[in-house]
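Shown below: run21.txt, with compact mmCIF, C-alpha atoms (C1' of nucleotides).
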```
# COMPACT_ATOMS: atom_id res chain seq x y z
CA MET A 140 79.28 22.92 -56.65
CA ARG A 141 77.25 19.88 -57.53
CA LYS A 142 78.72 16.55 -56.75
CA TYR A 143 78.86 13.93 -59.45
CA SER A 144 76.48 11.62 -57.65
CA LEU A 145 72.82 11.94 -58.50
CA THR A 146 71.43 14.41 -56.04
CA VAL A 147 68.20 16.33 -55.85
CA ARG A 148 68.67 19.61 -54.02
CA ILE A 149 65.54 20.84 -52.27
CA ALA A 150 65.26 24.07 -50.29
CA THR A 151 62.75 26.16 -48.39
CA TRP A 152 62.96 29.94 -48.09
CA ASN A 153 60.66 32.57 -46.64
CA ILE A 154 61.54 35.38 -49.04
CA ASN A 155 59.33 38.21 -47.68
CA SER A 156 57.93 39.34 -51.05
CA VAL A 157 58.78 37.55 -54.27
CA ASN A 158 58.81 40.70 -56.31
CA ARG A 159 61.25 42.46 -53.97
CA ARG A 160 63.47 39.38 -53.94
CA LEU A 161 63.21 37.96 -57.44
CA GLU A 162 66.70 38.83 -58.67
CA ARG A 163 68.22 37.47 -55.46
CA VAL A 164 66.21 34.27 -55.68
CA ILE A 165 67.14 33.63 -59.30
CA ASP A 166 70.82 34.34 -58.58
CA TRP A 167 70.70 32.03 -55.57
CA LEU A 168 69.05 29.23 -57.56
CA ASP A 169 71.77 29.57 -60.18
CA GLN A 170 74.59 29.60 -57.62
CA THR A 171 73.32 26.65 -55.62
CA GLN A 172 71.86 24.64 -58.50
CA THR A 173 68.77 23.99 -56.43
CA ASP A 174 66.22 21.75 -58.10
CA ILE A 175 63.13 22.38 -55.99
CA LEU A 176 62.48 25.54 -53.96
CA CYS A 177 59.60 26.06 -51.57
CA LEU A 178 58.79 29.74 -51.09
CA GLN A 179 56.79 31.45 -48.37
CA GLU A 180 55.53 35.00 -47.92
CA THR A 181 55.51 35.67 -51.63
CA LYS A 182 53.08 38.53 -50.89
CA CYS A 183 51.54 38.56 -54.32
CA SER A 184 48.50 37.17 -56.08
CA ALA A 185 48.84 34.07 -58.20
CA ASP A 186 48.25 36.24 -61.29
CA ASP A 187 51.08 38.61 -60.37
CA PHE A 188 53.58 35.85 -59.59
CA PRO A 189 56.65 36.17 -61.85
CA ALA A 190 56.18 32.70 -63.31
CA LEU A 191 57.43 33.65 -66.79
CA LEU A 192 60.72 35.02 -65.48
CA LEU A 193 61.22 31.91 -63.38
CA GLU A 194 60.35 29.76 -66.36
CA GLY A 195 63.11 31.59 -68.22
CA ALA A 196 65.45 30.50 -65.43
CA GLY A 197 64.33 26.91 -65.92
CA TYR A 198 61.71 26.51 -63.21
CA ALA A 199 58.06 25.60 -63.36
CA SER A 200 55.92 27.24 -60.67
CA ALA A 201 52.97 26.19 -58.55
CA VAL A 202 51.50 29.21 -56.79
CA ALA A 203 48.95 30.07 -54.10
CA GLY A 204 48.44 33.74 -53.40
CA ASP A 205 45.68 36.30 -53.14
CA GLY A 206 47.41 39.61 -52.63
CA ALA A 207 49.68 41.45 -50.28
CA TRP A 208 49.96 38.92 -47.47
CA ASN A 209 51.04 35.32 -47.06
CA GLY A 210 51.43 33.43 -50.33
CA VAL A 211 53.37 30.23 -51.02
CA ALA A 212 54.88 28.61 -54.07
CA ILE A 213 56.94 25.69 -55.28
CA LEU A 214 59.54 26.07 -58.03
CA SER A 215 60.86 22.97 -59.70
CA LYS A 216 63.03 21.94 -62.61
CA VAL A 217 62.50 18.22 -61.98
CA GLY A 218 58.75 18.08 -62.60
CA LEU A 219 55.73 19.71 -61.01
CA ASP A 220 52.61 17.56 -61.05
CA ASP A 221 49.46 16.89 -59.05
CA VAL A 222 49.37 20.36 -57.51
CA THR A 223 47.21 20.77 -54.42
CA VAL A 224 46.39 24.28 -53.21
CA GLY A 225 45.63 24.65 -49.51
CA LEU A 226 45.26 22.24 -46.61
CA PRO A 227 42.09 20.17 -46.50
CA ASN A 228 39.73 21.53 -43.82
CA VAL A 229 41.96 24.53 -43.35
CA PRO A 230 40.76 26.82 -40.58
CA GLU A 231 39.80 30.32 -41.72
CA TRP A 232 41.12 33.64 -40.53
CA GLU A 233 38.59 36.46 -40.43
CA GLY A 234 36.26 34.46 -42.63
CA ALA A 235 38.73 33.55 -45.35
CA ALA A 236 41.08 30.69 -46.16
CA GLU A 237 44.56 32.16 -46.42
CA PRO A 238 47.15 31.01 -48.99
CA ARG A 239 49.55 29.22 -46.67
CA ALA A 240 50.00 25.76 -48.18
CA ILE A 241 50.66 24.26 -51.58
CA ALA A 242 51.85 20.83 -52.65
CA ALA A 243 53.21 19.25 -55.77
CA THR A 244 54.84 16.02 -56.84
CA CYS A 245 58.32 16.90 -58.09
CA GLY A 246 60.15 13.97 -59.57
CA GLY A 247 59.65 11.19 -57.05
CA GLN A 248 58.91 13.47 -54.11
CA ARG A 249 55.68 14.82 -52.67
CA ILE A 250 56.56 18.33 -51.50
CA TRP A 251 54.55 20.78 -49.35
CA SER A 252 55.48 24.45 -49.01
CA LEU A 253 53.97 25.78 -45.78
CA TYR A 254 53.61 29.13 -44.09
CA VAL A 255 52.24 28.46 -40.61
CA PRO A 256 50.34 31.37 -39.00
CA ASN A 257 52.53 33.47 -36.69
CA GLY A 258 50.21 33.47 -33.70
CA ARG A 259 51.13 37.03 -32.72
CA THR A 260 50.61 36.79 -28.94
CA LEU A 261 49.41 34.06 -26.60
CA GLU A 262 46.21 36.01 -25.92
CA HIS A 263 45.46 36.71 -29.58
CA ASP A 264 42.89 34.77 -31.61
CA HIS A 265 45.68 34.30 -34.12
CA TYR A 266 47.38 31.94 -31.67
CA GLN A 267 44.34 29.64 -31.54
CA TYR A 268 44.18 29.87 -35.33
CA LYS A 269 47.83 28.78 -35.45
CA LEU A 270 47.20 25.73 -33.25
CA ALA A 271 44.12 24.74 -35.25
CA TRP A 272 46.06 25.18 -38.48
CA LEU A 273 48.84 22.93 -37.19
CA ASP A 274 46.25 20.31 -36.25
CA GLN A 275 45.01 20.26 -39.84
CA LEU A 276 48.61 20.02 -41.01
CA SER A 277 48.97 16.79 -39.02
CA ALA A 278 45.69 15.50 -40.40
CA MET A 279 46.89 16.17 -43.94
CA ALA A 280 50.23 14.47 -43.24
CA ARG A 281 48.51 11.40 -41.83
CA ASN A 282 46.51 11.04 -45.04
CA GLU A 283 49.28 11.85 -47.49
CA MET A 284 51.77 9.49 -45.84
CA GLU A 285 49.59 6.61 -46.98
CA GLU A 286 49.72 7.74 -50.60
CA TYR A 287 53.25 9.16 -50.83
CA PRO A 288 56.16 7.27 -49.24
CA ASN A 289 58.49 10.13 -50.14
CA LEU A 290 56.64 12.99 -48.47
CA ALA A 291 58.22 16.13 -47.05
CA LEU A 292 56.76 19.18 -45.33
CA LEU A 293 58.97 22.23 -45.71
CA GLY A 294 58.42 25.81 -44.70
CA ASP A 295 58.18 28.53 -42.12
CA PHE A 296 56.61 26.71 -39.18
CA ASN A 297 56.86 29.72 -36.85
CA VAL A 298 57.79 27.25 -34.08
CA ALA A 299 61.22 26.80 -32.51
CA PRO A 300 61.48 23.05 -31.85
CA THR A 301 63.69 23.32 -28.76
CA ASP A 302 64.86 25.95 -26.30
CA SER A 303 68.21 25.96 -28.09
CA ASP A 304 66.52 27.14 -31.25
CA VAL A 305 66.13 30.72 -30.02
CA TRP A 306 69.03 33.02 -29.24
CA ASP A 307 67.82 33.94 -25.74
CA LEU A 308 65.04 32.01 -24.09
CA ASP A 309 64.37 34.81 -21.59
CA VAL A 310 63.44 37.14 -24.43
CA PHE A 311 60.70 34.72 -25.49
CA ALA A 312 59.11 34.18 -22.08
CA ASP A 313 55.33 34.44 -22.52
CA SER A 314 55.74 34.60 -26.30
CA THR A 315 54.56 32.43 -29.13
CA HIS A 316 56.92 30.12 -31.09
CA ILE A 317 58.28 28.26 -28.03
CA THR A 318 55.20 27.06 -26.15
CA GLU A 319 54.43 23.50 -25.18
CA GLN A 320 51.23 23.67 -27.23
CA GLU A 321 53.06 24.64 -30.40
CA ARG A 322 55.81 22.09 -29.84
CA GLN A 323 53.20 19.42 -29.20
CA ARG A 324 52.06 19.89 -32.82
CA LEU A 325 55.62 19.07 -33.95
CA THR A 326 55.56 16.04 -31.66
CA ASP A 327 52.30 15.06 -33.35
CA LEU A 328 54.10 14.96 -36.71
CA ARG A 329 56.86 12.79 -35.24
CA ASN A 330 54.25 10.51 -33.69
CA LEU A 331 52.87 9.93 -37.18
CA GLY A 332 56.30 8.61 -38.13
CA MET A 333 57.72 11.74 -39.68
CA HIS A 334 61.28 12.83 -38.90
CA GLU A 335 62.73 16.26 -38.57
CA VAL A 336 65.59 16.86 -41.00
CA GLU A 337 67.89 19.05 -38.92
CA PRO A 338 70.22 21.31 -40.87
CA ARG A 339 73.80 21.88 -39.82
CA PRO A 340 74.98 25.44 -39.22
CA LEU A 341 77.63 26.85 -41.55
CA LYS A 342 78.73 29.16 -38.71
CA TYR A 343 78.12 29.30 -34.94
CA ASP A 344 76.64 26.45 -32.92
CA ARG A 345 73.03 26.68 -33.98
CA ALA A 346 71.45 26.65 -37.43
CA TYR A 347 69.14 29.62 -37.07
CA THR A 348 66.98 30.40 -40.07
CA PHE A 349 65.47 33.76 -39.10
CA TRP A 350 66.96 36.95 -37.73
CA ASP A 351 64.81 40.02 -37.16
CA TYR A 352 65.63 43.00 -39.35
CA ARG A 353 65.75 45.19 -36.24
CA GLN A 354 68.54 45.97 -33.80
CA LEU A 355 71.35 44.30 -35.71
CA ALA A 356 69.92 40.89 -34.94
CA PHE A 357 71.77 39.20 -37.80
CA PRO A 358 75.29 40.52 -37.10
CA LYS A 359 74.74 39.69 -33.43
CA ASN A 360 73.38 36.26 -34.40
CA ARG A 361 70.19 36.82 -32.42
CA GLY A 362 68.19 34.33 -34.43
CA MET A 363 65.62 31.60 -34.32
CA ARG A 364 65.33 28.23 -36.05
CA ILE A 365 61.74 28.25 -37.23
CA ASP A 366 62.02 27.12 -40.87
CA LEU A 367 61.77 23.36 -40.65
CA VAL A 368 61.70 20.19 -42.70
CA TYR A 369 59.69 17.11 -41.73
CA ALA A 370 59.98 13.99 -43.84
CA THR A 371 58.85 10.41 -44.01
CA GLN A 372 61.40 7.71 -43.19
CA PRO A 373 62.12 6.80 -46.85
CA PHE A 374 62.71 10.47 -47.63
CA ALA A 375 64.84 11.04 -44.52
CA ASP A 376 66.92 7.97 -45.34
CA ARG A 377 67.92 9.59 -48.65
CA VAL A 378 69.16 12.83 -47.09
CA THR A 379 72.91 13.23 -47.65
CA ASP A 380 73.25 16.77 -46.28
CA ALA A 381 71.19 19.60 -44.83
CA TYR A 382 72.30 23.09 -43.92
CA VAL A 383 71.17 26.69 -43.53
CA ASP A 384 72.66 29.03 -46.11
CA ARG A 385 73.18 32.05 -43.85
CA GLU A 386 75.14 33.79 -46.62
CA ALA A 387 71.79 34.44 -48.28
CA ARG A 388 70.74 36.53 -45.25
CA LYS A 389 73.61 38.99 -45.79
CA GLY A 390 73.63 42.37 -47.43
CA LYS A 391 71.13 44.96 -48.50
CA GLY A 392 67.92 43.61 -49.90
CA ALA A 393 67.98 40.29 -48.04
CA SER A 394 64.96 38.49 -46.69
CA ASP A 395 64.87 38.18 -42.90
CA HIS A 396 64.99 34.38 -43.37
CA ALA A 397 67.78 32.22 -44.79
CA PRO A 398 67.10 29.15 -46.92
CA VAL A 399 67.28 25.64 -45.53
CA VAL A 400 68.89 23.33 -48.09
CA VAL A 401 68.41 19.56 -48.20
CA ASP A 402 70.37 17.27 -50.50
CA LEU A 403 68.69 14.04 -51.38
CA ASP A 404 70.21 10.96 -52.94
CA GLU A 405 68.24 10.27 -56.07
CA GLY A 406 68.90 6.60 -55.59
C1' DA B 96 79.85 46.92 -43.13
C1' DT B 97 74.53 46.58 -41.13
C1' DG B 98 70.46 50.22 -35.23
C1' DT B 99 64.08 47.21 -40.18
C1' DC B 100 61.43 46.07 -44.03
C1' DC B 101 57.19 45.02 -46.50
C1' DG B 102 52.73 46.44 -48.75
C1' DA B 103 48.62 49.43 -48.41
C1' DT B 104 46.51 53.70 -48.01
C1' DG B 105 40.70 59.11 -48.79
C1' DA B 106 49.21 57.85 -49.73
C1' DT B 107 53.50 61.54 -50.70
C1' DA B 108 53.73 59.93 -43.99
C1' DT B 109 51.72 56.55 -41.28
C1' DC B 110 50.26 52.03 -40.10
C1' DG B 111 49.76 46.80 -39.20
C1' DG B 112 52.33 42.71 -39.48
C1' DA B 113 56.38 40.23 -38.98
```
Rewritten as structure tokens:
Amino acid sequence: MRKYSLTVRIATWNINSVNRRLERVIDWLDQTQTDILCLQETKCSADDFPALLLEGAGYASAVAGDGAWNGVAILSKVGLDDVTVGLPNVPEWEGAAEPRAIAATCGGQRIWSLYVPNGRTLEHDHYQYKLAWLDQLSAMARNEMEEYPNLALLGDFNVAPTDSDVWDLDVFADSTHITEQERQRLTDLRNLGMHEVEPRPLKYDRAYTFWDYRQLAFPKNRGMRIDLVYATQPFADRVTDAYVDREARKGKGASDHAPVVVDLDEG
DNA sequence: ATGTCCGATGATATCGGA
């Protein structure tokens, strides 16, 4: 339930296909009274995005998408202005710029919805693409911090910030998501003066945000915390709560990610 | 409670990606 104080509720959720998940997303928005939702892996073109149905639910949409893969969006019922599609100087994958970043100014906040490349394996070109992409993310943040005091980067970073953010470190030996190189890119964001907004778990010790669909990973809590929020100091100072809504990972028809929710004092 | 799910394809089963 909403508190009586003035709060903006912002969330990020990798939904693994917006069209497969639309009813769930709209129900979740209604239940949680979320004001701004960053989506990743919408897996649909901007033209096919269900903007009218979301508008019926009270949300304006900003969308980047070109088909079956990737795709990001921002939904907002507190304003959606100055939309920017894509990172400046974004590295290409196989000759094309992928839809992995979108920004908008929602109320008083500058919000980015981000889907960082997975990297696949350490030997794969996709891993170098991931590192280069994260470098451009830092470059964007450095520039936008000057213009927007209340800036936040939310999304699926595909990086576990610490060893405690994966369920079994041994399983990830020689894998992406935990390497020093990837974590250095998160350190780069902190060195710019951004702060990680760490969500509290609603169950268990760690606030994982992703559990593989396979091998009963969710019931066994074999998860990873890879959906992250980085914010400027003025933004971070307004945070009154942050948590992972693992309930949204339950049941048939769930995404393999749970939403990260951030409550912000409107001041 | 749960032993995968998504979208695409010379499709109606198989594959890449996650």
Produce a table with one row for each residue of chain B that has an atom at most 10 Å from any atom of chain A, each row naming the nearest atom pair and its distance in Å at one decimal; use all atoms listed in the file; arrange rows by chain and rising residue number; format as JSON lines.
```
{"residue": "B:DA96", "atom": "C1'", "partner": "A:Gly390", "partner_atom": "CA", "distance": 8.8}
{"residue": "B:DT97", "atom": "C1'", "partner": "A:Leu355", "partner_atom": "CA", "distance": 6.7}
{"residue": "B:DG98", "atom": "C1'", "partner": "A:Gln354", "partner_atom": "CA", "distance": 4.9}
{"residue": "B:DT99", "atom": "C1'", "partner": "A:Tyr352", "partner_atom": "CA", "distance": 4.6}
{"residue": "B:DC100", "atom": "C1'", "partner": "A:Tyr352", "partner_atom": "CA", "distance": 7.0}
{"residue": "B:DC101", "atom": "C1'", "partner": "A:Asn155", "partner_atom": "CA", "distance": 7.2}
{"residue": "B:DG102", "atom": "C1'", "partner": "A:Ala207", "partner_atom": "CA", "distance": 6.0}
{"residue": "B:DA103", "atom": "C1'", "partner": "A:Ala207", "partner_atom": "CA", "distance": 8.3}
{"residue": "B:DG112", "atom": "C1'", "partner": "A:Arg259", "partner_atom": "CA", "distance": 8.9}
{"residue": "B:DA113", "atom": "C1'", "partner": "A:Asn257", "partner_atom": "CA", "distance": 8.1}
```
### Message
I'd like the interatomic distance between CA of Ile175 in chain A and CA of Asp274 in chain A, to a tenth of an Å.
### Response
26.1 Å
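For the pair CA of Glu231 in chain A and CA of Tyr268 in chain A, the separation is 7.8 Å.
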### Message
I'd like the interatomic distance between CA of Leu168 in chain A and CA of Met279 in chain A, to a tenth of an Å.
### Response
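Separation between CA of Leu168 in chain A and CA of Met279 in chain A: 29.1 Å.
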Taking all atoms of range 266-275 of chain A that appear in the file, build a box with edges along x, y and z, extend it by 4 Å on every side, and state its centre and edge lengths in Å to one decimal, as lines of an AutoDock Vina configuration file.
```
center_x = 46.5
center_y = 26.1
center_z = -35.7
size_x = 12.7
size_y = 19.7
size_z = 16.3
```
### Task
Would you list the residues near (70.0, 18.3, -39.5) (no more than 7 Å away, in the coordinates of the file, using all atoms listed in the file) as a list of chain:residue names?
A:Val336, A:Glu337, A:Pro338, A:Arg339, A:Ala381, A:Tyr382
Take the point (46.1, 19.6, -42.2) as written in the file and pick out every residue within 10 Å of it, counting all atoms listed in the file; give the list as a short mmCIF file (atom, residue, chain, number, x, y, z; two decimals) with C-alpha atoms, keeping the file's coordinate frame.
```
data_model
loop_
_atom_site.label_atom_id
_atom_site.label_comp_id
_atom_site.auth_asym_id
_atom_site.auth_seq_id
_atom_site.Cartn_x
_atom_site.Cartn_y
_atom_site.Cartn_z
CA GLY A 225 45.63 24.65 -49.51
CA LEU A 226 45.26 22.24 -46.61
CA PRO A 227 42.09 20.17 -46.50
CA ASN A 228 39.73 21.53 -43.82
CA VAL A 229 41.96 24.53 -43.35
CA PRO A 230 40.76 26.82 -40.58
CA ALA A 240 50.00 25.76 -48.18
CA ALA A 271 44.12 24.74 -35.25
CA TRP A 272 46.06 25.18 -38.48
CA LEU A 273 48.84 22.93 -37.19
CA ASP A 274 46.25 20.31 -36.25
CA GLN A 275 45.01 20.26 -39.84
CA LEU A 276 48.61 20.02 -41.01
CA SER A 277 48.97 16.79 -39.02
CA ALA A 278 45.69 15.50 -40.40
CA MET A 279 46.89 16.17 -43.94
CA ALA A 280 50.23 14.47 -43.24
CA ARG A 281 48.51 11.40 -41.83
CA ASN A 282 46.51 11.04 -45.04
CA GLU A 283 49.28 11.85 -47.49
#
```
### Query
Residues at most 10 Å from Thr318 in chain A, counting all atoms listed in the file, excluding those fewer than 6 positions away in the same chain, as a list of chain:residue names?
A:Leu261, A:Val298, A:Ala299, A:Pro300, A:Thr301, A:Asp302, A:Phe311, A:Ala312
### Task
Please provide the set of residues having any atom within 12 Å of Leu341 in chain A, restricted to only C-alpha atoms (C1' of nucleotides), with same-chain residues fewer than 4 positions apart removed, written as a VMD selection string.
chain A and resid 345 to 348 380 to 387 397 399 to 400
